[in-house]
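Next comes entry19.tsv, a file with TSV, C-alpha atoms.
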chain	number	residue	atom	x	y	z
A	13	MET	CA	36.00	29.29	67.55
A	14	ASN	CA	34.76	26.10	65.88
A	15	TYR	CA	35.02	26.46	62.08
A	16	ARG	CA	33.91	22.92	61.26
A	17	PRO	CA	30.25	23.80	60.52
A	18	LEU	CA	31.37	26.60	58.21
A	19	LEU	CA	33.83	24.32	56.45
A	20	PHE	CA	31.13	21.70	56.04
A	21	VAL	CA	28.73	24.22	54.47
A	22	PHE	CA	31.53	25.54	52.26
A	23	ALA	CA	32.34	21.98	51.10
A	24	ILE	CA	28.70	21.37	50.16
A	25	ILE	CA	28.52	24.64	48.21
A	26	LEU	CA	31.81	23.85	46.46
A	27	ALA	CA	30.58	20.37	45.51
A	28	LEU	CA	27.38	21.81	44.07
A	29	LEU	CA	29.32	24.41	42.11
A	30	LEU	CA	31.69	21.80	40.72
A	31	SER	CA	28.84	19.55	39.67
A	32	SER	CA	27.12	22.45	37.93
A	33	VAL	CA	30.35	23.35	36.14
A	34	VAL	CA	30.79	19.78	34.96
A	35	HIS	CA	27.19	19.67	33.86
A	36	ALA	CA	27.49	23.01	32.07
A	37	ALA	CA	30.61	21.87	30.30
A	38	GLY	CA	28.59	19.33	28.35
A	39	SER	CA	26.98	16.04	29.26
A	40	ALA	CA	25.65	13.08	27.32
A	41	ASP	CA	22.56	13.28	29.50
A	42	ASN	CA	21.53	16.33	27.50
A	43	ILE	CA	21.79	14.54	24.16
A	44	ASP	CA	18.59	13.37	22.48
A	45	ILE	CA	19.04	10.79	19.71
A	46	THR	CA	16.52	10.39	16.89
A	47	VAL	CA	16.61	7.93	13.98
A	48	ILE	CA	14.62	8.61	10.81
A	49	ILE	CA	14.37	5.65	8.44
A	50	PRO	CA	13.54	5.80	5.61
A	51	ASP	CA	14.57	9.44	5.26
A	52	ARG	CA	11.80	10.49	2.90
A	53	PRO	CA	9.25	13.32	2.92
A	54	LYS	CA	7.62	13.25	6.34
A	55	GLY	CA	4.25	11.57	6.54
A	56	MET	CA	4.16	10.32	2.95
A	57	PHE	CA	5.87	7.00	3.65
A	58	GLU	CA	5.46	4.55	6.49
A	59	PRO	CA	8.23	5.18	9.03
A	60	ASP	CA	10.56	2.47	10.29
A	61	LYS	CA	9.67	0.01	7.54
A	62	LEU	CA	11.92	-1.42	4.83
A	63	VAL	CA	11.01	-3.95	2.15
A	64	ALA	CA	13.42	-6.82	1.52
A	65	GLY	CA	14.63	-6.76	-2.05
A	66	GLY	CA	13.96	-3.03	-2.23
A	67	SER	CA	16.41	-0.36	-3.24
A	68	GLU	CA	18.84	1.50	-1.02
A	69	GLU	CA	17.13	3.79	1.51
A	70	ARG	CA	18.45	6.94	3.16
A	71	ALA	CA	18.53	7.16	6.95
A	72	ARG	CA	19.25	10.08	9.26
A	73	ILE	CA	20.49	10.02	12.86
A	74	VAL	CA	20.10	13.28	14.77
A	75	PHE	CA	22.05	14.12	17.93
A	76	GLU	CA	20.37	17.10	19.60
A	77	ASN	CA	21.95	18.96	22.51
A	78	ARG	CA	19.21	20.07	24.91
A	79	GLY	CA	21.72	21.68	27.24
A	80	ALA	CA	22.95	25.25	27.28
A	81	GLU	CA	26.64	24.57	26.75
A	82	THR	CA	28.58	23.03	23.89
A	83	ALA	CA	29.14	19.28	24.17
A	84	THR	CA	31.80	17.22	22.42
A	85	ILE	CA	30.15	13.93	21.56
A	86	SER	CA	31.54	10.72	20.13
A	87	ALA	CA	29.05	8.10	19.01
A	88	THR	CA	28.98	4.47	17.99
A	89	ILE	CA	26.23	3.32	15.63
A	90	VAL	CA	25.65	-0.41	15.25
A	91	ALA	CA	23.27	-1.64	12.55
A	92	PRO	CA	21.81	-5.17	12.42
A	93	ASP	CA	23.53	-7.78	10.27
A	94	LEU	CA	20.53	-8.13	7.94
A	95	VAL	CA	21.15	-4.73	6.38
A	96	SER	CA	24.25	-3.23	4.84
A	97	LEU	CA	25.45	0.31	5.45
A	98	SER	CA	27.24	2.90	3.41
A	99	VAL	CA	28.10	6.49	4.27
A	100	PRO	CA	27.49	9.27	1.75
A	101	ILE	CA	29.65	12.38	1.64
A	102	GLN	CA	28.47	14.81	4.30
A	103	GLU	CA	29.62	17.50	6.69
A	104	LEU	CA	30.92	14.95	9.23
A	105	SER	CA	32.58	12.67	6.66
A	106	GLU	CA	36.10	13.15	8.06
A	107	GLN	CA	34.90	12.25	11.56
A	108	ILE	CA	33.17	8.99	10.55
A	109	THR	CA	34.94	5.65	10.41
A	110	GLU	CA	33.23	2.53	9.12
A	111	ASP	CA	33.86	-1.06	10.15
A	112	GLY	CA	31.27	-3.35	8.61
A	113	ASN	CA	27.93	-2.45	10.16
A	114	THR	CA	29.51	-0.35	12.90
A	115	LEU	CA	30.11	3.35	12.48
A	116	THR	CA	32.13	5.51	14.82
A	117	VAL	CA	31.62	9.26	14.82
A	118	SER	CA	34.25	11.19	16.76
A	119	ASN	CA	34.31	14.64	18.33
A	120	MET	CA	31.03	16.16	17.21
A	121	GLU	CA	30.96	19.71	18.58
A	122	ILE	CA	27.28	20.36	19.31
A	123	ALA	CA	26.37	23.79	20.65
A	124	GLY	CA	23.56	24.17	23.15
A	125	GLY	CA	20.18	23.93	21.46
A	126	LYS	CA	21.77	22.70	18.22
A	127	SER	CA	22.08	19.29	16.61
A	128	ALA	CA	24.45	17.20	14.54
A	129	ILE	CA	23.23	14.89	11.79
A	130	VAL	CA	24.76	11.66	10.55
A	131	ARG	CA	23.40	10.46	7.21
A	132	LEU	CA	23.47	6.82	6.14
A	133	ARG	CA	22.42	4.64	3.26
A	134	VAL	CA	20.77	1.40	4.31
A	135	THR	CA	20.26	-1.52	1.93
A	136	PRO	CA	17.75	-4.18	3.03
A	137	PRO	CA	18.42	-7.88	2.37
A	138	ASP	CA	17.34	-9.45	-0.90
A	139	SER	CA	14.88	-11.72	0.85
A	140	ILE	CA	13.69	-12.81	4.29
A	141	PRO	CA	11.19	-15.57	5.17
A	142	MET	CA	8.97	-13.44	7.41
A	143	LYS	CA	8.50	-9.98	8.85
A	144	THR	CA	11.44	-9.22	11.12
A	145	MET	CA	12.00	-6.57	13.77
A	146	LYS	CA	15.53	-5.21	14.02
A	147	ARG	CA	17.27	-2.43	15.94
A	148	PHE	CA	19.89	0.26	15.57
A	149	HIS	CA	21.99	0.52	18.74
A	150	ILE	CA	23.55	3.93	19.33
A	151	THR	CA	25.88	4.97	22.12
A	152	ALA	CA	26.93	8.58	22.67
A	153	ALA	CA	29.66	9.69	25.08
A	154	ALA	CA	30.61	13.21	26.16
A	155	ALA	CA	34.29	14.11	26.26
A	156	GLU	CA	33.80	16.67	29.03
A	157	ASP	CA	32.58	14.40	31.83
A	158	GLY	CA	32.73	10.92	30.32
A	159	SER	CA	28.97	10.48	30.65
A	160	ARG	CA	27.23	8.12	28.25
A	161	THR	CA	23.75	7.66	26.86
A	162	GLU	CA	22.38	4.76	24.86
A	163	TYR	CA	19.49	4.56	22.44
A	164	SER	CA	17.90	1.64	20.61
A	165	HIS	CA	15.68	2.24	17.59
A	166	ARG	CA	13.40	-0.45	16.22
A	167	PHE	CA	12.43	-0.85	12.58
A	168	THR	CA	10.74	-3.56	10.55
A	169	ILE	CA	11.90	-5.44	7.47
A	170	ILE	CA	9.06	-7.06	5.57
A	171	PRO	CA	9.47	-9.86	3.00
A	172	PRO	CA	9.39	-8.96	-0.67
A	173	PRO	CA	5.92	-9.78	-1.97
A	174	SER	CA	7.30	-12.17	-4.57
A	175	TRP	CA	4.25	-14.39	-4.86
A	176	ILE	CA	2.06	-11.30	-5.05
A	177	THR	CA	4.35	-9.85	-7.69
A	178	TYR	CA	4.27	-12.97	-9.83
A	179	GLY	CA	0.54	-13.36	-9.28
A	180	THR	CA	-0.23	-9.80	-10.34
A	181	ILE	CA	2.01	-10.11	-13.39
A	182	LEU	CA	0.22	-13.33	-14.37
A	183	ALA	CA	-3.17	-11.69	-13.83
A	184	SER	CA	-2.05	-8.72	-15.92
A	185	LEU	CA	-0.99	-10.95	-18.80
A	186	LEU	CA	-4.26	-12.87	-18.55
A	187	LEU	CA	-6.18	-9.60	-18.82
A	188	VAL	CA	-4.22	-8.74	-21.95
A	189	VAL	CA	-4.93	-12.19	-23.44
A	190	ILE	CA	-8.63	-11.81	-22.62
A	191	ALA	CA	-8.66	-8.36	-24.22
A	192	ILE	CA	-6.99	-9.67	-27.39
A	193	PHE	CA	-9.43	-12.58	-27.55
A	194	ALA	CA	-12.40	-10.24	-27.11
A	195	VAL	CA	-11.11	-7.91	-29.82
A	196	LYS	CA	-10.77	-10.77	-32.30
A	197	ARG	CA	-13.92	-12.60	-31.24
A	198	PHE	CA	-16.24	-9.61	-31.43
A	199	GLY	CA	-14.40	-7.64	-34.10
A	200	VAL	CA	-14.05	-4.60	-31.86
A	201	LEU	CA	-11.41	-2.82	-33.93
A	202	GLU	CA	-13.51	-3.16	-37.07
A	203	MET	CA	-16.11	-0.92	-35.47
A	204	PHE	CA	-13.66	2.00	-35.29
A	205	THR	CA	-13.33	4.20	-38.35
A	206	THR	CA	-10.12	5.90	-39.38
A	207	ILE	CA	-11.40	9.17	-37.93
A	208	ASP	CA	-12.14	7.39	-34.65
A	209	LEU	CA	-8.62	5.97	-34.45
A	210	VAL	CA	-7.04	9.32	-35.32
A	211	THR	CA	-9.14	11.02	-32.64
A	212	ILE	CA	-8.10	8.47	-30.02
A	213	ALA	CA	-4.44	8.75	-31.06
A	214	LEU	CA	-4.47	12.55	-30.79
A	215	LEU	CA	-6.16	12.53	-27.39
A	216	ALA	CA	-3.81	9.79	-26.12
A	217	ALA	CA	-0.81	11.81	-27.33
A	218	LEU	CA	-2.10	14.87	-25.47
A	219	ALA	CA	-2.45	12.81	-22.29
A	220	GLY	CA	0.79	10.86	-22.63
A	221	VAL	CA	3.06	13.65	-23.84
A	222	VAL	CA	1.77	17.17	-23.20
A	223	PHE	CA	-0.09	16.78	-19.92
A	224	ARG	CA	2.30	14.18	-18.54
A	225	TRP	CA	5.22	16.55	-19.20
A	226	PHE	CA	3.28	19.37	-17.57
A	227	TRP	CA	2.57	17.18	-14.53
A	228	GLN	CA	6.15	15.94	-14.20
A	229	THR	CA	7.49	19.49	-14.51
A	230	PHE	CA	5.22	21.26	-12.03
A	231	ASN	CA	4.17	18.39	-9.74
A	232	ASP	CA	6.62	19.26	-6.95
A	233	ILE	CA	5.39	22.86	-6.77
A	234	PHE	CA	1.93	21.74	-5.68
A	235	GLY	CA	3.10	19.03	-3.28
A	236	PRO	CA	0.41	16.44	-2.45
A	237	PHE	CA	-2.04	18.26	-4.74
A	238	GLY	CA	0.19	17.86	-7.80
A	239	GLY	CA	-1.77	14.82	-8.95
A	240	LEU	CA	-4.66	17.10	-9.90
A	241	LEU	CA	-2.46	18.47	-12.70
A	242	PHE	CA	-2.75	15.07	-14.37
A	243	THR	CA	-6.08	13.60	-13.25
A	244	ILE	CA	-8.15	16.61	-14.35
A	245	PRO	CA	-6.94	16.78	-17.99
A	246	VAL	CA	-6.82	12.98	-18.41
A	247	SER	CA	-10.40	12.62	-17.18
A	248	ALA	CA	-11.48	15.44	-19.49
A	249	LEU	CA	-9.76	13.83	-22.49
A	250	MET	CA	-11.34	10.47	-21.68
A	251	VAL	CA	-14.83	12.00	-21.59
A	252	ILE	CA	-14.17	13.80	-24.89
A	253	ALA	CA	-13.05	10.51	-26.46
A	254	LEU	CA	-16.17	8.71	-25.23
A	255	HIS	CA	-18.49	11.44	-26.48
A	256	LEU	CA	-16.88	11.85	-29.91
A	257	VAL	CA	-16.00	8.26	-30.81
A	258	ARG	CA	-19.04	6.56	-29.24
A	259	LYS	CA	-17.87	2.97	-29.67
A	260	PRO	CA	-17.60	0.09	-27.16
A	261	GLY	CA	-14.04	-0.17	-25.84
A	262	THR	CA	-13.18	3.48	-26.49
A	263	ALA	CA	-11.77	4.15	-23.01
A	264	THR	CA	-9.73	0.94	-22.98
A	265	LEU	CA	-8.27	1.70	-26.40
A	266	LEU	CA	-7.51	5.28	-25.33
A	267	PHE	CA	-5.47	4.15	-22.32
A	268	LEU	CA	-3.77	1.41	-24.33
A	269	VAL	CA	-2.51	3.98	-26.85
A	270	ASP	CA	-1.61	6.32	-23.97
A	271	GLN	CA	0.61	3.66	-22.38
A	272	LEU	CA	2.23	2.82	-25.72
A	273	VAL	CA	3.00	6.51	-26.19
A	274	CYS	CA	4.55	6.64	-22.71
A	275	MET	CA	6.72	3.63	-23.52
A	276	VAL	CA	8.05	5.37	-26.63
A	277	ILE	CA	8.42	8.92	-25.29
A	278	TRP	CA	9.31	8.40	-21.62
A	279	GLY	CA	10.85	4.93	-21.76
A	280	SER	CA	8.30	3.46	-19.36
A	281	ASN	CA	8.51	-0.33	-19.20
A	282	ILE	CA	4.98	-1.44	-18.40
A	283	THR	CA	4.78	-4.54	-20.61
A	284	VAL	CA	4.06	-7.04	-17.82
A	285	TRP	CA	1.69	-4.60	-16.08
A	286	LEU	CA	-0.22	-3.60	-19.20
A	287	GLY	CA	-3.35	-5.53	-18.22
A	288	TRP	CA	-3.67	-3.59	-14.99
A	289	TYR	CA	-3.12	-0.28	-16.77
A	290	LEU	CA	-5.97	-1.16	-19.11
A	291	LEU	CA	-8.27	-1.89	-16.18
A	292	GLU	CA	-9.16	1.77	-15.63
A	293	GLY	CA	-10.43	1.97	-19.21
A	294	ALA	CA	-12.22	-1.38	-18.97
A	295	VAL	CA	-14.08	-0.22	-15.86
A	296	VAL	CA	-15.27	2.93	-17.63
A	297	ASP	CA	-16.34	0.96	-20.72
A	298	THR	CA	-18.29	-1.39	-18.46
A	299	GLU	CA	-20.03	1.59	-16.86
A	300	VAL	CA	-20.93	2.91	-20.31
A	301	ALA	CA	-22.63	-0.41	-21.07
A	302	LEU	CA	-24.39	-0.46	-17.69
A	303	PHE	CA	-25.71	3.06	-18.33
A	304	LYS	CA	-27.30	1.84	-21.58
A	305	MET	CA	-24.51	3.07	-23.87
A	306	ASN	CA	-24.40	6.53	-22.35
A	307	TYR	CA	-21.23	7.93	-23.91
A	308	ALA	CA	-20.96	10.83	-21.44
A	309	ASP	CA	-24.17	12.24	-22.89
A	310	THR	CA	-25.09	13.67	-19.50
A	311	ARG	CA	-22.96	15.61	-17.06
A	312	ILE	CA	-23.61	13.16	-14.24
A	313	ALA	CA	-22.45	10.23	-16.39
A	314	ALA	CA	-19.29	12.12	-17.41
A	315	ILE	CA	-18.54	12.90	-13.77
A	316	ILE	CA	-19.09	9.27	-12.70
A	317	TYR	CA	-16.74	8.04	-15.43
A	318	GLY	CA	-14.05	10.53	-14.40
A	319	MET	CA	-14.35	9.70	-10.71
A	320	SER	CA	-14.28	5.94	-11.21
A	321	ARG	CA	-11.26	6.21	-13.51
A	322	GLY	CA	-9.42	8.28	-10.90
A	323	PHE	CA	-10.26	5.85	-8.11
A	324	ILE	CA	-9.20	2.72	-10.02
A	325	ALA	CA	-5.98	4.23	-11.40
A	326	TYR	CA	-4.73	5.58	-8.07
A	327	TRP	CA	-5.91	2.65	-5.95
A	328	LEU	CA	-3.98	0.30	-8.24
A	329	PHE	CA	-0.88	2.47	-7.95
A	330	TYR	CA	-0.77	2.95	-4.18
A	331	PHE	CA	-1.98	-0.50	-3.11
A	332	LEU	CA	-0.68	-2.69	-5.95
A	333	PHE	CA	2.08	-1.17	-8.08
A	334	ALA	CA	3.94	0.72	-5.31
A	335	PRO	CA	4.37	-2.17	-2.82
A	336	THR	CA	4.56	-4.92	-5.44
A	337	ALA	CA	6.58	-3.47	-8.30
A	338	TRP	CA	8.55	-0.65	-6.68
A	339	LYS	CA	8.57	-1.98	-3.09
A	340	ILE	CA	7.59	1.36	-1.61
A	341	CYS	CA	5.27	1.52	1.40
A	342	TYR	CA	3.24	4.72	1.41
A	343	ALA	CA	1.50	5.75	4.62
A	344	PRO	CA	-2.17	4.67	4.42
A	345	TRP	CA	-3.48	8.18	5.10
A	346	TYR	CA	-1.35	9.57	2.27
A	347	SER	CA	-2.49	6.82	-0.12
A	348	TRP	CA	-6.15	7.52	0.59
A	349	LEU	CA	-5.55	11.28	0.34
A	350	GLN	CA	-4.13	10.81	-3.15
A	351	ILE	CA	-7.00	8.51	-4.12
A	352	GLY	CA	-9.46	11.12	-2.85
A	353	LEU	CA	-7.71	13.84	-4.84
A	354	ALA	CA	-7.81	11.60	-7.92
A	355	VAL	CA	-11.57	11.19	-7.47
A	356	LEU	CA	-11.89	14.96	-7.07
A	357	GLY	CA	-9.80	15.45	-10.20
A	358	GLY	CA	-12.05	13.00	-12.02
A	359	LEU	CA	-15.11	14.97	-10.93
A	360	ILE	CA	-13.66	18.27	-12.16
A	361	GLY	CA	-12.18	16.76	-15.32
A	362	GLY	CA	-15.38	14.89	-16.13
A	363	SER	CA	-17.41	18.09	-15.91
A	364	ILE	CA	-14.90	20.05	-18.01
A	365	GLY	CA	-14.71	17.23	-20.54
A	366	TYR	CA	-18.50	17.14	-20.84
A	367	ASP	CA	-18.68	20.85	-21.70
A	368	ALA	CA	-15.79	20.60	-24.16
A	369	ALA	CA	-17.18	17.45	-25.80
A	370	LYS	CA	-20.61	19.03	-26.29
A	371	LYS	CA	-19.08	22.03	-28.05
A	372	MET	CA	-16.79	19.88	-30.19
A	373	ARG	CA	-19.59	17.53	-31.21
A	374	GLY	CA	-21.84	20.48	-32.00
A	375	ALA	CA	-19.14	21.93	-34.24
A	376	MET	CA	-18.80	18.61	-36.08
A	377	LEU	CA	-22.52	18.31	-36.84
Please re-express this file's structure in structure tokens.
Amino acid sequence: MNYRPLLFVFAIILALLLSSVVHAAGSADNIDITVIIPDRPKGMFEPDKLVAGGSEERARIVFENRGAETATISATIVAPDLVSLSVPIQELSEQITEDGNTLTVSNMEIAGGKSAIVRLRVTPPDSIPMKTMKRFHITAAAAEDGSRTEYSHRFTIIPPPSWITYGTILASLLLVVIAIFAVKRFGVLEMFTTIDLVTIALLAALAGVVFRWFWQTFNDIFGPFGGLLFTIPVSALMVIALHLVRKPGTATLLFLVDQLVCMVIWGSNITVWLGWYLLEGAVVDTEVALFKMNYADTRIAAIIYGMSRGFIAYWLFYFLFAPTAWKICYAPWYSWLQIGLAVLGGLIGGSIGYDAAKKMRGAML
């Protein structure tokens, strides 16, 4: 009897079984690699973008096992020369070795359907001449079958906006100089009585101390909507100040005192940016003049003042202060969401402030 056909079939079956056993034992082909940089709340910040001259950013590299069996993975992570790496203390600390911008992670036991995470700290260069695209190169190898997989992740380093920074600082100082000149030239402060100044100081203290503390304490609970905790009361206080004091420059003076209070209480250093911080008040005071000295005497005027203040304040933060002063790139959709919420907060706060101001003024008469 000829057994060769049977032996041939048996050999094929055996080969298939062996390959399935090797595959089941763990393979690099089943490993998905993901790089998250900067490792910040998802969606709030632009992914894969660092600003030269910015602070240290967190990064996260995820090795996910899509197979059914446990895989023992060793990985090599190579970062570009433009950035510098450091490794924080983490679960895999004892398995990570560092050699310049190359990290080696040995013997990661990753169960089927699970993942292992390597956390890094990435520091961008102090300066670069132009926007530059760089890559992380990652190689993962499985101990079981010697298979390898490679992954390359691109990210962008953008130059520090130095000329924009210096230009905005200069513009801010010019605004302060113009404000001082206007105050002296037109005798603005002389128009305010002692009661007016005390009223402004009290309202500014409420905004800069009480409501700012409340916002800082409970902001995280409300997530993206936390800004309403500050925009609503600040808009209401601004409308009350306009309605009670009824002098040109009231809003600007209110926010000036508010920022001075913040410098004293919270240690905020806004000296070189003071002109821009005053802009939200200057815009409202300009609107008061355009509305024929309507000091929030109507609900619609109060709402417009609150909304415009919210728009200016938050637009300046997300599109000027954040990228220029703090070198943080927020995702555009998140920036506009926060601006929209600030406008909504101004609408609500303006309406509340109008009702409160009417009652307070009625009690004073």
For stretch 204-217 of chain A, please output as a PDB file with C-alpha atoms, keeping the file's coordinate frame all residues within 10 Å (counting all atoms listed in the file; exclusion window: fewer than 3 positions along the same chain).
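Printed below is out_35.pdb as written:
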ATOM      1  CA  GLY A 199     -14.400  -7.640 -34.100  1.00  0.00           C
ATOM      2  CA  VAL A 200     -14.050  -4.600 -31.860  1.00  0.00           C
ATOM      3  CA  LEU A 201     -11.410  -2.820 -33.930  1.00  0.00           C
ATOM      4  CA  GLY A 220       0.790  10.860 -22.630  1.00  0.00           C
ATOM      5  CA  VAL A 221       3.060  13.650 -23.840  1.00  0.00           C
ATOM      6  CA  VAL A 222       1.770  17.170 -23.200  1.00  0.00           C
ATOM      7  CA  PHE A 223      -0.090  16.780 -19.920  1.00  0.00           C
ATOM      8  CA  ARG A 224       2.300  14.180 -18.540  1.00  0.00           C
ATOM      9  CA  VAL A 246      -6.820  12.980 -18.410  1.00  0.00           C
ATOM     10  CA  ALA A 248     -11.480  15.440 -19.490  1.00  0.00           C
ATOM     11  CA  LEU A 249      -9.760  13.830 -22.490  1.00  0.00           C
ATOM     12  CA  MET A 250     -11.340  10.470 -21.680  1.00  0.00           C
ATOM     13  CA  ILE A 252     -14.170  13.800 -24.890  1.00  0.00           C
ATOM     14  CA  ALA A 253     -13.050  10.510 -26.460  1.00  0.00           C
ATOM     15  CA  LEU A 254     -16.170   8.710 -25.230  1.00  0.00           C
ATOM     16  CA  LEU A 256     -16.880  11.850 -29.910  1.00  0.00           C
ATOM     17  CA  VAL A 257     -16.000   8.260 -30.810  1.00  0.00           C
ATOM     18  CA  ARG A 258     -19.040   6.560 -29.240  1.00  0.00           C
ATOM     19  CA  LYS A 259     -17.870   2.970 -29.670  1.00  0.00           C
ATOM     20  CA  PRO A 260     -17.600   0.090 -27.160  1.00  0.00           C
ATOM     21  CA  GLY A 261     -14.040  -0.170 -25.840  1.00  0.00           C
ATOM     22  CA  THR A 262     -13.180   3.480 -26.490  1.00  0.00           C
ATOM     23  CA  ALA A 263     -11.770   4.150 -23.010  1.00  0.00           C
ATOM     24  CA  LEU A 265      -8.270   1.700 -26.400  1.00  0.00           C
ATOM     25  CA  LEU A 266      -7.510   5.280 -25.330  1.00  0.00           C
ATOM     26  CA  PHE A 267      -5.470   4.150 -22.320  1.00  0.00           C
ATOM     27  CA  LEU A 268      -3.770   1.410 -24.330  1.00  0.00           C
ATOM     28  CA  VAL A 269      -2.510   3.980 -26.850  1.00  0.00           C
ATOM     29  CA  ASP A 270      -1.610   6.320 -23.970  1.00  0.00           C
ATOM     30  CA  GLN A 271       0.610   3.660 -22.380  1.00  0.00           C
ATOM     31  CA  LEU A 272       2.230   2.820 -25.720  1.00  0.00           C
ATOM     32  CA  VAL A 273       3.000   6.510 -26.190  1.00  0.00           C
ATOM     33  CA  CYS A 274       4.550   6.640 -22.710  1.00  0.00           C
ATOM     34  CA  ILE A 277       8.420   8.920 -25.290  1.00  0.00           C
TER      35      ILE A 277
END
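Distance cut-off 10 Å, centre (-7.5, 13.0, -4.3), atoms counted all atoms listed in the file; the residues meeting this are Pro236, Phe237, Gly238, Gly239, Leu240, Thr243, Met319, Gly322, Phe323, Tyr326, Tyr346, Ser347, Trp348, Leu349, Gln350, Ile351, Gly352, Leu353, Ala354, Val355, Leu356, Gly357 and Gly358 of chain A.
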Selection export as a PDB file, in the coordinates of the input, atoms kept: C-alpha atoms:
ATOM      1  CA  PRO A 236       0.410  16.440  -2.450  1.00  0.00           C
ATOM      2  CA  PHE A 237      -2.040  18.260  -4.740  1.00  0.00           C
ATOM      3  CA  GLY A 238       0.190  17.860  -7.800  1.00  0.00           C
ATOM      4  CA  GLY A 239      -1.770  14.820  -8.950  1.00  0.00           C
ATOM      5  CA  LEU A 240      -4.660  17.100  -9.900  1.00  0.00           C
ATOM      6  CA  THR A 243      -6.080  13.600 -13.250  1.00  0.00           C
ATOM      7  CA  MET A 319     -14.350   9.700 -10.710  1.00  0.00           C
ATOM      8  CA  GLY A 322      -9.420   8.280 -10.900  1.00  0.00           C
ATOM      9  CA  PHE A 323     -10.260   5.850  -8.110  1.00  0.00           C
ATOM     10  CA  TYR A 326      -4.730   5.580  -8.070  1.00  0.00           C
ATOM     11  CA  TYR A 346      -1.350   9.570   2.270  1.00  0.00           C
ATOM     12  CA  SER A 347      -2.490   6.820  -0.120  1.00  0.00           C
ATOM     13  CA  TRP A 348      -6.150   7.520   0.590  1.00  0.00           C
ATOM     14  CA  LEU A 349      -5.550  11.280   0.340  1.00  0.00           C
ATOM     15  CA  GLN A 350      -4.130  10.810  -3.150  1.00  0.00           C
ATOM     16  CA  ILE A 351      -7.000   8.510  -4.120  1.00  0.00           C
ATOM     17  CA  GLY A 352      -9.460  11.120  -2.850  1.00  0.00           C
ATOM     18  CA  LEU A 353      -7.710  13.840  -4.840  1.00  0.00           C
ATOM     19  CA  ALA A 354      -7.810  11.600  -7.920  1.00  0.00           C
ATOM     20  CA  VAL A 355     -11.570  11.190  -7.470  1.00  0.00           C
ATOM     21  CA  LEU A 356     -11.890  14.960  -7.070  1.00  0.00           C
ATOM     22  CA  GLY A 357      -9.800  15.450 -10.200  1.00  0.00           C
ATOM     23  CA  GLY A 358     -12.050  13.000 -12.020  1.00  0.00           C
TER      24      GLY A 358
END
Here atom CA of A:Arg311 and atom CA of A:Ser363 stand apart by 6.2 Å
request  = Name all residues at most 6 Å from stretch 130-132 of chain A (count only C-alpha atoms; drop same-chain ones fewer than 6 positions away) and give them as a count of residues only.
outcome  = 5
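Interatomic distance, atom CA of A:Phe242 to atom CA of A:Asn306: 24.6 Å.
If you count all atoms listed in the file and ignore residues fewer than 3 places along the chain from A:Ala40, what sits within 9 Å of it is Ile43, Asp44, Asn77, Ala83, Thr84, Ile85, Ala152, Ala153, Ala154, Ala155, Asp157, Gly158, Ser159, Arg160 and Thr161 of chain A.
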Expected answer as number ranges by chain: all residues with atoms within 12 Å of (-2.6, -0.3, -3.3), all atoms listed in the file: A: 323-348, 350-351
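The residue that comes closest to A:Pro59, out of A:Thr144, A:Thr168, A:Thr264, A:Asn231 and on the basis of all atoms listed in the file, is A:Thr168.
Pairwise distance (atom CA of A:Tyr317, atom CA of A:Gly374) equals 21.3 Å.
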Of A:Ala369, A:Ile360, A:Leu218, A:Met142, the one sitting nearest A:Ile244 when using all atoms listed in the file is A:Ile360
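Nearest to A:Leu94 of all the residues A:Glu106, A:Asp138, A:Asp232, A:Asp111 is A:Asp138, counting only C-alpha atoms.
Taking all atoms listed in the file into account, A:Ile315 lies nearest to A:Val251 out of the set A:Val251, A:Lys371, A:Ser118, A:Ala301.
Nearest residue to A:Val189, choosing from A:Ala80, A:Met305, A:Ile48, A:Leu290 and counting only C-alpha atoms: A:Leu290.
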